[in-house]
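Colleague: Structure supplied as work.cif; contents: mmCIF, C-alpha atoms and all ligand atoms.
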```
data_protein
#
loop_
_atom_site.group_PDB
_atom_site.id
_atom_site.type_symbol
_atom_site.label_atom_id
_atom_site.label_comp_id
_atom_site.auth_asym_id
_atom_site.auth_seq_id
_atom_site.Cartn_x
_atom_site.Cartn_y
_atom_site.Cartn_z
ATOM 1 C CA MET L 1 -75.883 -37.789 38.304
ATOM 2 C CA ILE L 2 -76.679 -41.527 38.057
ATOM 3 C CA GLY L 3 -75.849 -41.584 34.341
ATOM 4 C CA LYS L 4 -72.533 -39.958 34.999
ATOM 5 C CA THR L 5 -71.879 -42.373 37.857
ATOM 6 C CA MET L 6 -72.641 -45.388 35.643
ATOM 7 C CA LYS L 7 -70.335 -44.162 32.884
ATOM 8 C CA THR L 8 -67.523 -43.613 35.353
ATOM 9 C CA ALA L 9 -68.245 -47.049 36.818
ATOM 10 C CA ALA L 10 -67.587 -48.771 33.493
ATOM 11 C CA GLY L 11 -64.000 -47.576 33.641
ATOM 12 C CA LEU L 12 -63.515 -48.464 37.297
ATOM 13 C CA GLY L 13 -64.449 -52.138 37.596
ATOM 14 C CA ILE L 14 -66.648 -53.480 40.405
ATOM 15 C CA LEU L 15 -64.348 -52.635 43.281
ATOM 16 C CA GLY L 16 -63.849 -49.083 42.053
ATOM 17 C CA PHE L 17 -67.604 -48.718 41.588
ATOM 18 C CA VAL L 18 -68.314 -49.860 45.124
ATOM 19 C CA LEU L 19 -65.692 -47.442 46.458
ATOM 20 C CA LEU L 20 -67.230 -44.641 44.406
ATOM 21 C CA LEU L 21 -70.695 -45.369 45.823
ATOM 22 C CA LEU L 22 -69.273 -45.388 49.334
ATOM 23 C CA ALA L 23 -67.606 -42.032 48.670
ATOM 24 C CA LEU L 24 -70.874 -40.586 47.346
ATOM 25 C CA ALA L 25 -72.757 -41.937 50.359
ATOM 26 C CA GLY L 26 -70.138 -40.367 52.639
ATOM 27 C CA ALA L 27 -70.446 -37.014 50.884
ATOM 28 C CA SER L 28 -74.222 -36.970 51.142
ATOM 29 C CA ALA L 29 -74.133 -38.048 54.794
ATOM 30 C CA ASN L 30 -71.976 -34.994 55.457
ATOM 31 C CA THR L 31 -74.315 -32.494 53.849
ATOM 32 C CA HIS L 32 -77.400 -33.937 55.529
ATOM 33 C CA GLY L 33 -76.063 -34.045 59.030
ATOM 34 C CA GLY L 34 -74.616 -37.545 59.001
ATOM 35 C CA LYS L 35 -76.712 -38.565 61.992
ATOM 36 C CA GLU L 36 -77.493 -42.026 60.569
ATOM 37 C CA ASN L 37 -73.932 -43.310 60.902
ATOM 38 C CA GLY L 38 -73.152 -41.420 64.112
ATOM 39 C CA GLU L 39 -70.596 -39.190 62.374
ATOM 40 C CA PRO L 40 -70.576 -35.569 63.545
ATOM 41 C CA ASP L 41 -71.808 -32.851 61.180
ATOM 42 C CA LEU L 42 -68.818 -30.512 61.022
ATOM 43 C CA LYS L 43 -70.625 -27.948 58.855
ATOM 44 C CA HIS L 44 -73.278 -27.610 61.501
ATOM 45 C CA GLY L 45 -70.523 -27.489 64.142
ATOM 46 C CA LEU L 46 -68.992 -24.538 62.287
ATOM 47 C CA ALA L 47 -72.384 -22.799 62.059
ATOM 48 C CA VAL L 48 -72.759 -23.161 65.838
ATOM 49 C CA TYR L 49 -69.193 -22.017 66.440
ATOM 50 C CA LYS L 50 -69.740 -18.750 64.527
ATOM 51 C CA VAL L 51 -71.576 -17.389 67.589
ATOM 52 C CA CYS L 52 -68.867 -18.584 69.983
ATOM 53 C CA ALA L 53 -66.072 -17.063 67.880
ATOM 54 C CA ALA L 54 -67.092 -13.564 69.038
ATOM 55 C CA CYS L 55 -65.422 -14.456 72.331
ATOM 56 C CA HIS L 56 -63.295 -17.495 71.542
ATOM 57 C CA SER L 57 -61.876 -16.043 68.258
ATOM 58 C CA THR L 58 -61.913 -17.663 64.844
ATOM 59 C CA GLU L 59 -58.948 -19.934 65.631
ATOM 60 C CA ALA L 60 -60.267 -20.900 69.110
ATOM 61 C CA TRP L 61 -56.795 -20.433 70.563
ATOM 62 C CA GLY L 62 -57.925 -18.415 73.569
ATOM 63 C CA SER L 63 -55.790 -15.649 75.080
ATOM 64 C CA LYS L 64 -52.319 -15.875 76.584
ATOM 65 C CA ASP L 65 -53.502 -14.038 79.703
ATOM 66 C CA GLY L 66 -55.765 -17.050 80.291
ATOM 67 C CA ASP L 67 -59.087 -15.194 80.241
ATOM 68 C CA PHE L 68 -60.109 -17.509 77.392
ATOM 69 C CA PRO L 69 -59.030 -21.140 77.137
ATOM 70 C CA MET L 70 -57.395 -22.875 74.194
ATOM 71 C CA LEU L 71 -60.344 -24.872 72.827
ATOM 72 C CA ALA L 72 -58.748 -25.988 69.547
ATOM 73 C CA GLY L 73 -57.554 -29.588 69.714
ATOM 74 C CA GLN L 74 -59.335 -30.370 72.988
ATOM 75 C CA HIS L 75 -60.947 -33.826 73.053
ATOM 76 C CA ALA L 76 -64.536 -33.678 71.805
ATOM 77 C CA SER L 77 -65.766 -35.692 74.800
ATOM 78 C CA VAL L 78 -64.248 -33.091 77.155
ATOM 79 C CA ILE L 79 -65.710 -30.084 75.314
ATOM 80 C CA ALA L 80 -69.130 -31.717 75.225
ATOM 81 C CA LYS L 81 -69.021 -32.418 78.971
ATOM 82 C CA GLN L 82 -67.901 -28.879 79.806
ATOM 83 C CA LEU L 83 -70.714 -27.394 77.711
ATOM 84 C CA ALA L 84 -73.286 -29.667 79.299
ATOM 85 C CA ASP L 85 -71.936 -28.745 82.767
ATOM 86 C CA ILE L 86 -72.015 -25.007 82.031
ATOM 87 C CA ARG L 87 -75.578 -25.330 80.715
ATOM 88 C CA ALA L 88 -76.670 -27.313 83.741
ATOM 89 C CA GLY L 89 -75.145 -24.726 86.102
ATOM 90 C CA ASN L 90 -72.553 -27.174 87.422
ATOM 91 C CA ARG L 91 -69.766 -24.904 86.356
ATOM 92 C CA ASP L 92 -70.010 -21.166 87.001
ATOM 93 C CA ASN L 93 -69.240 -19.215 83.873
ATOM 94 C CA PRO L 94 -70.908 -15.832 84.199
ATOM 95 C CA SER L 95 -69.212 -14.474 81.082
ATOM 96 C CA MET L 96 -70.668 -17.182 78.869
ATOM 97 C CA PHE L 97 -74.125 -17.325 80.390
ATOM 98 C CA PRO L 98 -75.989 -14.210 79.300
ATOM 99 C CA PHE L 99 -75.018 -14.672 75.700
ATOM 100 C CA ALA L 100 -76.833 -16.047 72.703
ATOM 101 C CA ALA L 101 -74.462 -19.017 73.035
ATOM 102 C CA PHE L 102 -77.048 -20.973 74.949
ATOM 103 C CA GLU L 103 -79.817 -20.461 72.485
ATOM 104 C CA ILE L 104 -77.716 -21.815 69.692
ATOM 105 C CA LEU L 105 -76.515 -24.747 71.793
ATOM 106 C CA ASP L 106 -80.040 -26.040 71.651
ATOM 107 C CA GLY L 107 -79.426 -29.685 72.365
ATOM 108 C CA PRO L 108 -77.058 -32.662 72.365
ATOM 109 C CA ARG L 109 -76.693 -32.578 68.581
ATOM 110 C CA SER L 110 -75.416 -28.980 68.555
ATOM 111 C CA ILE L 111 -73.095 -29.746 71.454
ATOM 112 C CA ALA L 112 -71.703 -32.878 69.777
ATOM 113 C CA ASN L 113 -71.170 -31.122 66.446
ATOM 114 C CA VAL L 114 -69.462 -28.010 67.807
ATOM 115 C CA ALA L 115 -67.311 -30.211 70.067
ATOM 116 C CA ALA L 116 -66.247 -32.302 67.053
ATOM 117 C CA TYR L 117 -65.526 -29.162 65.045
ATOM 118 C CA LEU L 118 -63.312 -27.668 67.784
ATOM 119 C CA SER L 119 -61.478 -30.914 68.483
ATOM 120 C CA ARG L 120 -60.299 -30.984 64.856
ATOM 121 C CA LEU L 121 -58.921 -27.423 64.744
ATOM 122 C CA PRO L 122 -55.124 -27.185 64.988
ATOM 123 C CA MET L 123 -53.832 -25.820 68.296
ATOM 124 C CA GLY L 124 -52.187 -22.415 68.622
ATOM 125 C CA PRO L 125 -48.377 -22.597 68.583
ATOM 126 C CA ASP L 126 -47.832 -20.147 71.463
ATOM 127 C CA ASN L 127 -49.713 -20.611 74.731
ATOM 128 C CA GLY L 128 -49.237 -18.489 77.859
ATOM 129 C CA LYS L 129 -46.531 -19.957 80.154
ATOM 130 C CA GLY L 130 -45.544 -19.542 83.795
ATOM 131 C CA PRO L 131 -42.423 -17.771 85.053
ATOM 132 C CA GLY L 132 -40.249 -20.929 84.939
ATOM 133 C CA THR L 133 -39.036 -20.601 88.540
ATOM 134 C CA ASP L 134 -39.176 -24.172 89.873
ATOM 135 C CA LEU L 135 -39.857 -26.512 86.996
ATOM 136 C CA GLU L 136 -38.109 -29.447 88.652
ATOM 137 C CA ARG L 137 -40.568 -29.444 91.542
ATOM 138 C CA GLY L 138 -43.408 -28.984 89.070
ATOM 139 C CA ARG L 139 -42.184 -32.022 87.156
ATOM 140 C CA ARG L 140 -42.069 -34.169 90.288
ATOM 141 C CA LEU L 141 -45.549 -33.120 91.405
ATOM 142 C CA TYR L 142 -46.921 -33.776 87.930
ATOM 143 C CA GLY L 143 -45.381 -37.243 87.704
ATOM 144 C CA GLY L 144 -46.621 -38.151 91.187
ATOM 145 C CA TYR L 145 -50.167 -36.825 91.098
ATOM 146 C CA CYS L 146 -51.346 -36.075 87.573
ATOM 147 C CA ALA L 147 -49.706 -38.164 84.861
ATOM 148 C CA GLY L 148 -51.724 -41.254 85.767
ATOM 149 C CA CYS L 149 -54.900 -39.558 84.538
ATOM 150 C CA HIS L 150 -53.803 -36.693 82.245
ATOM 151 C CA GLY L 151 -51.019 -38.697 80.577
ATOM 152 C CA LYS L 152 -47.259 -38.369 80.699
ATOM 153 C CA ASN L 153 -47.306 -35.383 78.382
ATOM 154 C CA GLY L 154 -50.663 -33.843 79.377
ATOM 155 C CA GLU L 155 -52.412 -35.334 76.356
ATOM 156 C CA GLY L 156 -55.555 -36.456 78.230
ATOM 157 C CA SER L 157 -57.944 -39.017 76.764
ATOM 158 C CA GLN L 158 -60.948 -38.834 74.464
ATOM 159 C CA ASN L 159 -62.275 -42.215 75.683
ATOM 160 C CA ARG L 160 -62.005 -41.366 79.384
ATOM 161 C CA SER L 161 -63.095 -37.697 78.944
ATOM 162 C CA ILE L 162 -59.889 -36.431 80.512
ATOM 163 C CA PRO L 163 -58.871 -32.954 79.342
ATOM 164 C CA ARG L 164 -55.797 -32.304 77.244
ATOM 165 C CA ILE L 165 -53.891 -29.822 79.429
ATOM 166 C CA GLN L 166 -50.700 -29.574 77.305
ATOM 167 C CA GLY L 167 -50.608 -26.336 75.272
ATOM 168 C CA GLN L 168 -53.205 -24.692 77.552
ATOM 169 C CA HIS L 169 -52.649 -21.150 78.875
ATOM 170 C CA PHE L 170 -50.923 -20.973 82.270
ATOM 171 C CA ALA L 171 -53.350 -18.546 83.945
ATOM 172 C CA TYR L 172 -56.327 -20.576 82.739
ATOM 173 C CA LEU L 173 -54.836 -23.794 84.148
ATOM 174 C CA VAL L 174 -54.189 -22.142 87.517
ATOM 175 C CA ARG L 175 -57.729 -20.758 87.747
ATOM 176 C CA GLN L 176 -59.462 -24.007 86.772
ATOM 177 C CA PHE L 177 -57.280 -26.093 89.043
ATOM 178 C CA LYS L 178 -58.038 -23.898 92.057
ATOM 179 C CA TRP L 179 -61.737 -23.949 91.221
ATOM 180 C CA ILE L 180 -61.675 -27.750 91.141
ATOM 181 C CA ARG L 181 -59.691 -27.856 94.403
ATOM 182 C CA ASP L 182 -62.086 -25.406 96.071
ATOM 183 C CA GLY L 183 -65.237 -27.145 94.806
ATOM 184 C CA LYS L 184 -66.384 -24.361 92.472
ATOM 185 C CA ARG L 185 -66.555 -26.767 89.540
ATOM 186 C CA ARG L 186 -69.283 -28.881 91.044
ATOM 187 C CA ASN L 187 -69.166 -31.611 88.453
ATOM 188 C CA ALA L 188 -65.401 -32.105 88.542
ATOM 189 C CA ASN L 189 -63.801 -35.526 88.775
ATOM 190 C CA PRO L 190 -64.272 -36.461 92.480
ATOM 191 C CA GLU L 191 -61.120 -38.569 92.545
ATOM 192 C CA MET L 192 -59.035 -35.660 91.237
ATOM 193 C CA ALA L 193 -60.694 -33.253 93.674
ATOM 194 C CA ARG L 194 -59.861 -35.612 96.567
ATOM 195 C CA GLN L 195 -56.218 -36.003 95.526
ATOM 196 C CA ILE L 196 -55.498 -32.285 95.178
ATOM 197 C CA ARG L 197 -57.210 -31.035 98.312
ATOM 198 C CA GLY L 198 -53.899 -30.395 100.101
ATOM 199 C CA PHE L 199 -52.220 -28.443 97.297
ATOM 200 C CA THR L 200 -51.170 -24.924 98.345
ATOM 201 C CA ASP L 201 -51.309 -21.994 95.918
ATOM 202 C CA ALA L 202 -47.520 -22.179 95.663
ATOM 203 C CA ASP L 203 -47.735 -25.884 94.695
ATOM 204 C CA VAL L 204 -50.327 -25.028 92.063
ATOM 205 C CA ALA L 205 -48.149 -22.273 90.585
ATOM 206 C CA VAL L 206 -45.061 -24.471 90.039
ATOM 207 C CA LEU L 207 -47.157 -27.391 88.874
ATOM 208 C CA MET L 208 -49.024 -25.373 86.239
ATOM 209 C CA ASP L 209 -45.822 -23.680 85.158
ATOM 210 C CA TYR L 210 -44.529 -27.151 84.295
ATOM 211 C CA VAL L 211 -47.813 -28.194 82.636
ATOM 212 C CA SER L 212 -47.933 -25.034 80.494
ATOM 213 C CA ARG L 213 -44.599 -26.128 78.987
ATOM 214 C CA LEU L 214 -45.710 -29.632 77.980
ATOM 215 C CA ARG L 215 -45.776 -29.668 74.199
ATOM 216 C CA PRO L 216 -48.583 -31.212 72.139
ATOM 217 C CA ASP L 217 -47.688 -33.577 69.327
ATOM 218 C CA LYS L 218 -46.431 -31.519 66.342
ATOM 219 C CA ALA L 219 -49.213 -32.890 64.142
ATOM 220 C CA LEU L 220 -51.793 -31.177 66.388
ATOM 221 C CA VAL L 221 -50.236 -27.707 66.183
ATOM 222 C CA ALA L 222 -50.964 -25.129 63.476
ATOM 223 C CA PRO L 223 -48.122 -24.170 61.132
ATOM 224 C CA PRO L 224 -46.777 -20.585 61.416
ATOM 225 C CA GLY L 225 -49.167 -17.931 60.106
ATOM 226 C CA TRP L 226 -52.165 -20.297 59.980
ATOM 227 C CA ARG L 227 -55.598 -18.663 59.948
ATOM 228 C CA ASN L 228 -58.860 -20.601 60.098
ATOM 229 C CA PRO L 229 -59.955 -20.896 56.436
ATOM 230 C CA ASP L 230 -63.592 -21.431 57.527
ATOM 231 C CA PHE L 231 -63.699 -17.735 58.423
ATOM 232 C CA GLN L 232 -61.883 -16.293 55.396
HETATM 233 C C1 LIG L 301 -69.412 -13.957 75.947
HETATM 234 C C2 LIG L 301 -68.215 -14.691 75.673
HETATM 235 C C3 LIG L 301 -68.340 -16.182 75.365
HETATM 236 C C4 LIG L 301 -69.136 -16.786 74.415
HETATM 237 C C5 LIG L 301 -70.091 -16.152 73.428
HETATM 238 C C6 LIG L 301 -68.818 -18.201 74.498
HETATM 239 N N1 LIG L 301 -67.878 -18.432 75.467
HETATM 240 FE FE1 LIG L 301 -67.093 -20.234 75.970
HETATM 241 N N2 LIG L 301 -66.069 -19.397 77.507
HETATM 242 C C7 LIG L 301 -65.977 -18.045 77.749
HETATM 243 C C8 LIG L 301 -65.086 -17.822 78.886
HETATM 244 C C9 LIG L 301 -64.705 -16.471 79.478
HETATM 245 C C10 LIG L 301 -64.655 -19.100 79.317
HETATM 246 C C11 LIG L 301 -63.727 -19.432 80.495
HETATM 247 C C12 LIG L 301 -64.534 -19.489 81.717
HETATM 248 C C13 LIG L 301 -63.766 -19.938 82.903
HETATM 249 O O1 LIG L 301 -62.713 -19.367 83.190
HETATM 250 O O2 LIG L 301 -64.205 -20.901 83.537
HETATM 251 C C14 LIG L 301 -65.293 -20.080 78.428
HETATM 252 C C15 LIG L 301 -65.136 -21.449 78.550
HETATM 253 C C16 LIG L 301 -65.557 -22.365 77.607
HETATM 254 C C17 LIG L 301 -65.299 -23.803 77.651
HETATM 255 C C18 LIG L 301 -64.535 -24.569 78.733
HETATM 256 C C19 LIG L 301 -63.194 -25.019 78.224
HETATM 257 C C20 LIG L 301 -62.358 -25.844 79.175
HETATM 258 O O3 LIG L 301 -61.441 -26.530 78.703
HETATM 259 O O4 LIG L 301 -62.564 -25.831 80.372
HETATM 260 C C21 LIG L 301 -65.853 -24.331 76.526
HETATM 261 C C22 LIG L 301 -65.835 -25.800 76.094
HETATM 262 C C23 LIG L 301 -66.473 -23.237 75.786
HETATM 263 N N3 LIG L 301 -66.277 -22.057 76.479
HETATM 264 C C24 LIG L 301 -67.120 -23.378 74.573
HETATM 265 C C25 LIG L 301 -67.939 -22.392 74.003
HETATM 266 C C26 LIG L 301 -68.815 -22.613 72.867
HETATM 267 C C27 LIG L 301 -68.922 -23.925 72.090
HETATM 268 C C28 LIG L 301 -69.490 -21.451 72.650
HETATM 269 C C29 LIG L 301 -70.570 -21.162 71.615
HETATM 270 C C30 LIG L 301 -71.707 -22.013 71.616
HETATM 271 C C31 LIG L 301 -68.995 -20.480 73.620
HETATM 272 N N4 LIG L 301 -68.065 -21.097 74.429
HETATM 273 C C32 LIG L 301 -69.406 -19.161 73.693
HETATM 274 C C33 LIG L 301 -66.627 -17.040 77.036
HETATM 275 C C34 LIG L 301 -67.550 -17.232 76.031
HETATM 276 C C1 LIG L 302 -58.367 -39.383 88.815
HETATM 277 C C2 LIG L 302 -57.973 -38.763 87.593
HETATM 278 C C3 LIG L 302 -57.371 -37.363 87.658
HETATM 279 C C4 LIG L 302 -56.270 -36.953 88.397
HETATM 280 C C5 LIG L 302 -55.414 -37.760 89.349
HETATM 281 C C6 LIG L 302 -56.050 -35.565 88.038
HETATM 282 N N1 LIG L 302 -57.005 -35.157 87.143
HETATM 283 FE FE1 LIG L 302 -57.207 -33.264 86.416
HETATM 284 N N2 LIG L 302 -58.987 -33.777 85.584
HETATM 285 C C7 LIG L 302 -59.516 -35.051 85.513
HETATM 286 C C8 LIG L 302 -60.799 -34.988 84.840
HETATM 287 C C9 LIG L 302 -61.701 -36.176 84.522
HETATM 288 C C10 LIG L 302 -61.048 -33.617 84.541
HETATM 289 C C11 LIG L 302 -62.290 -33.025 83.902
HETATM 290 C C12 LIG L 302 -63.203 -32.648 85.026
HETATM 291 C C13 LIG L 302 -64.519 -32.092 84.577
HETATM 292 O O1 LIG L 302 -65.210 -32.771 83.829
HETATM 293 O O2 LIG L 302 -64.854 -30.979 84.958
HETATM 294 C C14 LIG L 302 -59.870 -32.897 85.012
HETATM 295 C C15 LIG L 302 -59.707 -31.514 84.902
HETATM 296 C C16 LIG L 302 -58.503 -30.857 85.089
HETATM 297 C C17 LIG L 302 -58.241 -29.469 84.736
HETATM 298 C C18 LIG L 302 -59.212 -28.508 84.057
HETATM 299 C C19 LIG L 302 -58.991 -28.574 82.569
HETATM 300 C C20 LIG L 302 -59.956 -27.759 81.743
HETATM 301 O O3 LIG L 302 -59.696 -27.633 80.535
HETATM 302 O O4 LIG L 302 -60.953 -27.302 82.244
HETATM 303 C C21 LIG L 302 -56.937 -29.217 85.055
HETATM 304 C C22 LIG L 302 -56.181 -27.913 84.834
HETATM 305 C C23 LIG L 302 -56.406 -30.427 85.645
HETATM 306 N N3 LIG L 302 -57.376 -31.394 85.662
HETATM 307 C C24 LIG L 302 -55.104 -30.579 86.103
HETATM 308 C C25 LIG L 302 -54.697 -31.648 86.877
HETATM 309 C C26 LIG L 302 -53.405 -31.702 87.554
HETATM 310 C C27 LIG L 302 -52.311 -30.660 87.414
HETATM 311 C C28 LIG L 302 -53.401 -32.863 88.291
HETATM 312 C C29 LIG L 302 -52.342 -33.359 89.253
HETATM 313 C C30 LIG L 302 -52.156 -32.574 90.472
HETATM 314 C C31 LIG L 302 -54.654 -33.553 88.025
HETATM 315 N N4 LIG L 302 -55.421 -32.777 87.179
HETATM 316 C C32 LIG L 302 -55.018 -34.792 88.535
HETATM 317 C C33 LIG L 302 -58.932 -36.193 86.019
HETATM 318 C C34 LIG L 302 -57.833 -36.224 86.880
#
```
Could you write out this structure as structure tokens?

Modeller:
Amino acid sequence: MIGKTMKTAAGLGILGFVLLLLALAGASANTHGGKENGEPDLKHGLAVYKVCAACHSTEAWGSKDGDFPMLAGQHASVIAKQLADIRAGNRDNPSMFPFAAFEILDGPRSIANVAAYLSRLPMGPDNGKGPGTDLERGRRLYGGYCAGCHGKNGEGSQNRSIPRIQGQHFAYLVRQFKWIRDGKRRNANPEMARQIRGFTDADVAVLMDYVSRLRPDKALVAPPGWRNPDFQ
């Protein structure tokens, strides 16, 4: 390996050689977990995700009826917090609890790696949407109460751990929102919970209808016919 590297180096000049060494260091960091430089280990993230895929599917796009959320493309900080909350019992999720999922999520490293893996998957092109009955009111409510945190287009924020809600399934959004309003997600953002206390179910329906139609950036969405190559 070294001999081959040296021979290649002769043809590359010093700068090329340094770049080559950096590339080799990067490659080896990946295969050994990459913990030293704080980079996530995506291979390990995939290994963890193989257990989750039984429910969340190989593409992690969830289901249009909203039983399962779109996880692909969600900010890693958000996924990691949700997993930690579910583990700690701060978020009721009976369907996820009894499963092997929690044995394989054995610590912060597994959580960070699977979160990084999911955040890099392209989002499904076709999420479940609402009936489209009063989108104008939904738009006004969103602009007035939500955009300040979740972003103009529902893009959320990795740095502030605010969920991406664009491209998410309508029924999932409605359920989570009501659970936050009603205090069932005990580790929700207290400021959000305070602001939405007065929302009626009818408000929630038009609001989420609007949100379910916010489109993610094209670069984040899978091309037609895409299947996750990690599972082929
Ligand atoms: C037995 C089925 C099942 C398994 C296995 C499972 N999940 Fe889930 N998961 C669910 C369901 C159902 C929900 C939605 C629960 C709800 O409505 O609150 C969910 C919710 C989530 C959420 C919350 C998403 C959000 O935006 O609010 C995350 C993150 C998640 N799962 C990640 C994982 C990971 C990672 C694994 C594997 C380590 C996993 N799940 C294994 C069924 C499962
Ligand atoms: C003060 C900032 C703030 C405001 C205002 C706010 N949110 Fe949130 N929202 C958050 C944070 C932070 C979370 C993640 C909470 C957690 O960790 O459980 C969240 C979670 C959510 C979720 C659950 C997403 C998921 O994947 O589990 C939905 C849906 C949501 N917000 C919709 C809205 C809507 C619609 C509005 C406007 C009526 C709104 N939020 C207002 C900060 C905010």

Colleague: Hey, what comes out of the PyMOL selection byres (((chain L and resi 58) around 10) and not hetatm) on this file? Could you write it as a list of chain:residue names?

Modeller: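 With the PyMOL selection byres (((chain L and resi 58) around 10) and not hetatm) on this model, the match is L:Tyr49, L:Lys50, L:Cys52, L:Ala53, L:Ala54, L:Cys55, L:His56, L:Ser57, L:Glu59, L:Ala60, L:Trp61, L:Gly62, L:Arg227, L:Asn228, L:Pro229, L:Asp230, L:Phe231, L:Gln232.
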
Colleague: Set out as CSV a contact list for chain L and ligand LIG 302 (chain L) with a cut-off of 8 Å, giving each residue of chain L that qualifies its closest atom pair and distance in Å to one decimal, counting all atoms listed in the file, ordered by chain and rising residue number.

Modeller:
```
residue,atom,partner,partner_atom,distance
L:Pro69,CA,L:LIG302,O3,7.4
L:Val78,CA,L:LIG302,O1,6.8
L:Lys81,CA,L:LIG302,O1,6.2
L:Gln82,CA,L:LIG302,O1,6.2
L:Asp85,CA,L:LIG302,O2,7.7
L:Arg91,CA,L:LIG302,O2,7.9
L:Leu141,CA,L:LIG302,C30,6.7
L:Tyr142,CA,L:LIG302,C29,5.6
L:Gly144,CA,L:LIG302,C29,7.7
L:Tyr145,CA,L:LIG302,C29,4.5
L:Cys146,CA,L:LIG302,C29,3.3
L:Ala147,CA,L:LIG302,C29,7.0
L:Gly148,CA,L:LIG302,C5,6.2
L:Cys149,CA,L:LIG302,C2,4.4
L:His150,CA,L:LIG302,N1,6.1
L:Arg160,CA,L:LIG302,C9,7.3
L:Ser161,CA,L:LIG302,C9,5.9
L:Ile162,CA,L:LIG302,C9,4.4
L:Pro163,CA,L:LIG302,C19,5.4
L:Arg164,CA,L:LIG302,O3,6.9
L:Ile165,CA,L:LIG302,C19,6.1
L:Gln168,CA,L:LIG302,O3,7.7
L:Tyr172,CA,L:LIG302,C22,7.6
L:Leu173,CA,L:LIG302,C22,4.4
L:Val174,CA,L:LIG302,C22,6.7
L:Arg175,CA,L:LIG302,C22,7.9
L:Gln176,CA,L:LIG302,C18,5.3
L:Phe177,CA,L:LIG302,C22,4.7
L:Ile180,CA,L:LIG302,C17,7.5
L:Arg185,CA,L:LIG302,O2,6.5
L:Arg186,CA,L:LIG302,O2,7.8
L:Asn187,CA,L:LIG302,O2,5.6
L:Ala188,CA,L:LIG302,O2,3.8
L:Asn189,CA,L:LIG302,C12,4.8
L:Pro190,CA,L:LIG302,C1,7.5
L:Glu191,CA,L:LIG302,C1,4.7
L:Met192,CA,L:LIG302,C4,4.2
L:Ala193,CA,L:LIG302,C6,7.7
L:Gln195,CA,L:LIG302,C5,6.5
L:Ile196,CA,L:LIG302,C30,5.8
L:Phe199,CA,L:LIG302,C30,8.0
L:Val204,CA,L:LIG302,C27,7.6
L:Leu207,CA,L:LIG302,C27,6.3
L:Met208,CA,L:LIG302,C27,6.3
L:Val211,CA,L:LIG302,C27,7.0
```

Colleague: When distances are computed from all atoms listed in the file, which of L:Gly138, L:Gly183, L:Pro216, L:Gly130 shows the smallest separation from Ala72 (chain L)?

Modeller: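 Closest residue, counting all atoms listed in the file: L:Pro216.
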
Colleague: Counting only C-alpha atoms, figure out which residue out of L:Asp65, L:Glu39, L:Asp134, L:Glu103 gets nearest to Ala202 (chain L).

Modeller: L:Asp134

Colleague: Restricting the calculation to all atoms listed in the file, which member of L:Gly73, L:Gly128, L:Gly154, L:Gly89 is positioned closest to Leu220 (chain L)?

Modeller: L:Gly73

Colleague: Restricted to N, CA and C atoms, what does region 134-145 of chain L look like when written out as a CSV table (one decimal), in the first residue's frame?

Modeller:
```
chain,number,residue,atom,x,y,z
L,134,ASP,N,-59.4,24.5,2.8
L,134,ASP,CA,-59.2,26.0,3.2
L,134,ASP,C,-57.8,26.3,3.3
L,135,LEU,N,-57.1,26.2,2.2
L,135,LEU,CA,-55.6,26.4,2.3
L,135,LEU,C,-55.2,27.9,2.6
L,136,GLU,N,-56.1,28.8,2.2
L,136,GLU,CA,-55.8,30.2,2.5
L,136,GLU,C,-55.7,30.5,4.0
L,137,ARG,N,-56.7,29.9,4.7
L,137,ARG,CA,-56.6,30.1,6.2
L,137,ARG,C,-55.4,29.3,6.8
L,138,GLY,N,-55.1,28.2,6.2
L,138,GLY,CA,-54.0,27.4,6.6
L,138,GLY,C,-52.7,28.2,6.4
L,139,ARG,N,-52.6,28.9,5.3
L,139,ARG,CA,-51.4,29.7,5.0
L,139,ARG,C,-51.3,30.9,6.0
L,140,ARG,N,-52.4,31.5,6.3
L,140,ARG,CA,-52.4,32.6,7.3
L,140,ARG,C,-51.9,32.2,8.7
L,141,LEU,N,-52.5,31.1,9.1
L,141,LEU,CA,-52.2,30.5,10.4
L,141,LEU,C,-50.7,30.2,10.4
L,142,TYR,N,-50.2,29.5,9.4
L,142,TYR,CA,-48.8,29.1,9.3
L,142,TYR,C,-47.9,30.3,9.4
L,143,GLY,N,-48.2,31.3,8.6
L,143,GLY,CA,-47.3,32.5,8.6
L,143,GLY,C,-47.3,33.2,10.0
L,144,GLY,N,-48.5,33.2,10.6
L,144,GLY,CA,-48.6,33.9,11.9
L,144,GLY,C,-48.0,33.2,13.1
L,145,TYR,N,-48.1,31.9,13.1
L,145,TYR,CA,-47.7,31.1,14.3
L,145,TYR,C,-46.5,30.1,14.2
```
